[in-house]
Amino acid sequence: MRPFVLIRELRKQDEILCEDLVKNSILSGANQAFVETIFKEITLQLIVLCWAIAFIFFGIPPLYCLLTVPGVIGALFLLVYGTFFNKAMEISNLKPNRCWLAELHYSGITEPHDFEVFFNDPPEDQQVSKLRRKIIGTVSMKNHSSLYNSAWLYRFGFNSKNDIPRLGEALMAHVLDFCKENRFVTVEGVTRECDEDLRDVYTKIGFTMKQIYHKQIVRNSLTIMKAQFGMDLEKWNGYGKYSTD
């Protein structure tokens, strides 16, 4: 039996699995963010500051002051990971207005990489009850906090980075169909600097980048870049079809 992915709405029994998927997906960007932080100016500033304090105020020999380097790097790792962990817990525990997921159905021992995508209902020729199931993607939607009759996409979660291009497009298209049917005017969402694949999905499906901004972690010294995307639903004509007029 050919494997397939079913895009459907969240059920009560799926909530815990979706929360874990969202949390792990957010935490997956922590390592990349930490590496990028090491090469920012604030890292060198902190190393020099700690070195100076150790040498001037405590009289520690310059050679031993080198121990401040791994200390600063370790502190930055805890800061970055702690920020991502807090955000992951906050976002995963939110109760969205609507939530959809991508559920993989397969019969083998290992998870397949090639599959068909179906919406709402499984194919009639498949014996679904005999197949293994696994939730490999999710997205949620809520009303925009500052725009009237606008929707906000958030709580993205994917089992694998390789799933983002195809599943991200299918999930996002399904939400856009829902929003247009329910007379929303616009849809918006944001990505982090480590979400390159998700940014590509936004662009491919027809969103335009509205702004790039930096969210502060430690004032202006340590920030995370975010990009905000938006789409006028008048241009949306269905999965894989959108107007550029």
# chains A, B, ... in the order shown; residues from 1 in each chain; ligands from 1
>>> closest_atom_pairs(of="stretch 86-137 of chain A", to="stretch 29-53 of chain A", cutoff="12 Å", atoms="only C-alpha atoms", output="Markdown table")
| residue | atom | partner | partner_atom | distance |
| --- | --- | --- | --- | --- |
| A:Asn86 | CA | A:Ala30 | CA | 11.5 |
| A:Lys87 | CA | A:Ala30 | CA | 10.9 |
| A:Ala88 | CA | A:Ala30 | CA | 10.5 |
>>> write_last_selection(atoms="C-alpha atoms", output="mmCIF file, in the first residue's frame")
data_model
loop_
_atom_site.group_PDB
_atom_site.id
_atom_site.type_symbol
_atom_site.label_atom_id
_atom_site.label_comp_id
_atom_site.auth_asym_id
_atom_site.auth_seq_id
_atom_site.Cartn_x
_atom_site.Cartn_y
_atom_site.Cartn_z
ATOM 1 C CA ASN A 86 10.869 29.425 27.271
ATOM 2 C CA LYS A 87 9.477 30.389 23.875
ATOM 3 C CA ALA A 88 8.933 26.739 22.938
#
>>> residues_around(residues="A:His105", least_positions_apart="4", cutoff="12 Å", atoms="only C-alpha atoms", output="MDAnalysis selection string")
chainID A and resid 1:7 109:118 122:123 126:136
>>> closest_residue(among="A:Gln228, A:Cys179, A:Gln216, A:Phe119", to="A:Thr203", atoms="only C-alpha atoms")
A:Gln228
>>> select_by_dssp(residues="stretch 63-165 of chain A", states="helix (DSSP H, G or I)", output="JSON, numbers by chain")
{"A": [64, 65, 66, 67, 68, 69, 70, 71, 72, 73, 74, 75, 76, 77, 78, 79, 80, 81, 82, 83, 84, 85, 86, 87, 88, 89, 90, 91, 92, 128, 129, 130, 161, 162, 163, 164, 165]}
>>> residues_around(residues="A:Phe229", least_positions_apart="3", cutoff="9 Å", atoms="only C-alpha atoms", output="PyMOL selection string")
chain A and resi 187-191+199+202-203+207-211
>>> write_last_selection(atoms="N, CA, C and O atoms", output="compact mmCIF listing (two decimals), in the first residue's frame")
# COMPACT_ATOMS: atom_id res chain seq x y z
N VAL A 187 -3.84 37.35 5.54
CA VAL A 187 -3.20 36.36 6.42
C VAL A 187 -1.74 36.78 6.60
O VAL A 187 -1.07 37.16 5.63
N GLU A 188 -1.25 36.72 7.83
CA GLU A 188 0.13 37.10 8.11
C GLU A 188 0.81 36.06 9.01
O GLU A 188 0.14 35.24 9.64
N GLY A 189 2.13 36.12 9.05
CA GLY A 189 2.92 35.24 9.90
C GLY A 189 4.35 35.72 9.93
O GLY A 189 4.75 36.58 9.15
N VAL A 190 5.15 35.16 10.85
CA VAL A 190 6.56 35.55 10.96
C VAL A 190 7.44 34.31 10.97
O VAL A 190 7.00 33.21 11.29
N THR A 191 8.71 34.52 10.61
CA THR A 191 9.72 33.47 10.68
C THR A 191 10.94 34.01 11.41
O THR A 191 11.18 35.22 11.44
N ARG A 199 10.66 30.27 5.28
CA ARG A 199 10.61 31.52 4.51
C ARG A 199 10.43 31.22 3.02
O ARG A 199 9.69 31.91 2.32
N TYR A 202 6.78 30.39 2.41
CA TYR A 202 5.97 31.61 2.37
C TYR A 202 6.08 32.29 1.01
O TYR A 202 5.08 32.69 0.41
N THR A 203 7.31 32.42 0.53
CA THR A 203 7.54 33.11 -0.74
C THR A 203 6.96 32.32 -1.91
O THR A 203 6.32 32.89 -2.80
N PHE A 207 3.16 34.68 -0.52
CA PHE A 207 3.25 35.73 0.48
C PHE A 207 4.33 36.74 0.08
O PHE A 207 5.27 36.40 -0.63
N THR A 208 4.18 37.95 0.56
CA THR A 208 5.20 38.98 0.36
C THR A 208 5.78 39.37 1.71
O THR A 208 5.07 39.40 2.72
N MET A 209 7.07 39.67 1.70
CA MET A 209 7.73 40.07 2.95
C MET A 209 7.38 41.52 3.25
O MET A 209 7.66 42.42 2.46
N LYS A 210 6.79 41.75 4.41
CA LYS A 210 6.34 43.10 4.79
C LYS A 210 7.41 43.87 5.54
O LYS A 210 7.55 45.07 5.37
N GLN A 211 8.16 43.18 6.39
CA GLN A 211 9.21 43.86 7.14
C GLN A 211 10.16 42.85 7.76
O GLN A 211 9.81 41.68 7.96
>>> residues_around(residues="stretch 163-170 of chain A", least_positions_apart="2", cutoff="8 Å", atoms="only C-alpha atoms", output="ChimeraX atom specification")
/A:7,102,117,136-137,158-161,172-174,197-198,200-202,205,239
>>> write_last_selection(atoms="N, CA and C atoms", output="mmCIF file, in the first residue's frame")
data_model
loop_
_atom_site.group_PDB
_atom_site.id
_atom_site.type_symbol
_atom_site.label_atom_id
_atom_site.label_comp_id
_atom_site.auth_asym_id
_atom_site.auth_seq_id
_atom_site.Cartn_x
_atom_site.Cartn_y
_atom_site.Cartn_z
ATOM 1 N N ILE A 7 -3.839 15.693 5.453
ATOM 2 C CA ILE A 7 -3.938 17.003 6.092
ATOM 3 C C ILE A 7 -5.341 17.121 6.672
ATOM 4 N N ALA A 102 -0.459 17.287 9.727
ATOM 5 C CA ALA A 102 -0.134 16.365 8.638
ATOM 6 C C ALA A 102 0.165 15.009 9.266
ATOM 7 N N VAL A 117 -0.178 13.452 -0.908
ATOM 8 C CA VAL A 117 -0.832 14.307 0.076
ATOM 9 C C VAL A 117 -2.322 14.378 -0.232
ATOM 10 N N ILE A 136 3.532 14.370 11.548
ATOM 11 C CA ILE A 136 4.842 14.879 11.134
ATOM 12 C C ILE A 136 4.822 16.373 10.820
ATOM 13 N N GLY A 137 3.689 17.019 10.973
ATOM 14 C CA GLY A 137 3.629 18.453 10.712
ATOM 15 C C GLY A 137 2.360 19.061 11.281
ATOM 16 N N PHE A 158 7.400 20.632 12.644
ATOM 17 C CA PHE A 158 7.704 19.599 11.652
ATOM 18 C C PHE A 158 8.616 18.554 12.270
ATOM 19 N N ASN A 159 8.385 17.315 11.911
ATOM 20 C CA ASN A 159 9.177 16.213 12.439
ATOM 21 C C ASN A 159 10.599 16.242 11.914
ATOM 22 N N SER A 160 10.772 16.726 10.695
ATOM 23 C CA SER A 160 12.086 16.767 10.073
ATOM 24 C C SER A 160 12.210 18.029 9.231
ATOM 25 N N LYS A 161 13.418 18.558 9.157
ATOM 26 C CA LYS A 161 13.670 19.734 8.335
ATOM 27 C C LYS A 161 13.365 19.448 6.871
ATOM 28 N N MET A 172 -0.023 25.154 4.734
ATOM 29 C CA MET A 172 -0.313 26.570 4.581
ATOM 30 C C MET A 172 -1.427 26.797 3.554
ATOM 31 N N ALA A 173 -1.383 26.036 2.464
ATOM 32 C CA ALA A 173 -2.422 26.170 1.444
ATOM 33 C C ALA A 173 -3.788 25.792 1.999
ATOM 34 N N HIS A 174 -3.823 24.753 2.829
ATOM 35 C CA HIS A 174 -5.091 24.319 3.420
ATOM 36 C C HIS A 174 -5.661 25.403 4.340
ATOM 37 N N ASP A 197 13.899 27.469 5.391
ATOM 38 C CA ASP A 197 12.983 26.640 4.597
ATOM 39 C C ASP A 197 11.551 27.153 4.686
ATOM 40 N N LEU A 198 11.141 27.595 5.869
ATOM 41 C CA LEU A 198 9.783 28.112 6.027
ATOM 42 C C LEU A 198 9.616 29.440 5.295
ATOM 43 N N ASP A 200 11.119 30.186 2.547
ATOM 44 C CA ASP A 200 10.987 29.804 1.138
ATOM 45 C C ASP A 200 9.558 29.364 0.825
ATOM 46 N N VAL A 201 8.918 28.667 1.772
ATOM 47 C CA VAL A 201 7.534 28.229 1.575
ATOM 48 C C VAL A 201 6.607 29.434 1.496
ATOM 49 N N TYR A 202 6.777 30.388 2.408
ATOM 50 C CA TYR A 202 5.968 31.610 2.373
ATOM 51 C C TYR A 202 6.080 32.291 1.014
ATOM 52 N N ILE A 205 4.488 30.212 -1.976
ATOM 53 C CA ILE A 205 3.039 30.095 -2.009
ATOM 54 C C ILE A 205 2.351 31.430 -2.319
ATOM 55 N N TYR A 239 -4.626 25.784 -3.989
ATOM 56 C CA TYR A 239 -3.321 25.169 -3.799
ATOM 57 C C TYR A 239 -2.515 25.228 -5.105
#
>>> select_by_dssp(residues="stretch 175-226 of chain A", states="strand (DSSP E)", output="ChimeraX atom specification")
/A:186-192,208-218,222-226
>>> write_last_selection(atoms="C-alpha atoms", output="short mmCIF file (atom, residue, chain, number, x, y, z; two decimals), in the first residue's frame")
data_model
loop_
_atom_site.label_atom_id
_atom_site.label_comp_id
_atom_site.auth_asym_id
_atom_site.auth_seq_id
_atom_site.Cartn_x
_atom_site.Cartn_y
_atom_site.Cartn_z
CA THR A 186 -5.47 38.96 4.83
CA VAL A 187 -3.20 36.36 6.42
CA GLU A 188 0.13 37.10 8.11
CA GLY A 189 2.92 35.24 9.90
CA VAL A 190 6.56 35.55 10.96
CA THR A 191 9.72 33.47 10.68
CA ARG A 192 12.98 33.48 12.64
CA THR A 208 5.20 38.98 0.36
CA MET A 209 7.73 40.07 2.95
CA LYS A 210 6.34 43.10 4.79
CA GLN A 211 9.21 43.86 7.14
CA ILE A 212 12.37 42.56 8.79
CA TYR A 213 12.94 43.42 12.42
CA HIS A 214 15.11 42.34 15.36
CA LYS A 215 13.59 41.07 18.59
CA GLN A 216 15.68 41.94 21.62
CA ILE A 217 16.99 39.25 23.98
CA VAL A 218 19.54 41.37 25.85
CA LEU A 222 21.74 40.33 21.51
CA THR A 223 18.82 40.09 19.09
CA ILE A 224 17.05 37.58 16.85
CA MET A 225 16.09 38.61 13.34
CA LYS A 226 12.49 37.99 12.30
#
>>> closest_residue(among="A:Leu171, A:Ile91, A:Tyr148, A:Asn143", to="A:Asn24", atoms="only C-alpha atoms")
A:Ile91
>>> closest_residue(among="A:Cys194, A:Leu21, A:Ile56, A:Met231", to="A:Leu153", atoms="only C-alpha atoms")
A:Met231
>>> atom_distance(atom1="atom CA of A:Trp100", atom2="atom CA of A:Thr138")
5.7 Å
>>> closest_residue(among="A:Val80, A:Leu233, A:Ile26, A:Met141", to="A:Leu101", atoms="only C-alpha atoms")
A:Met141
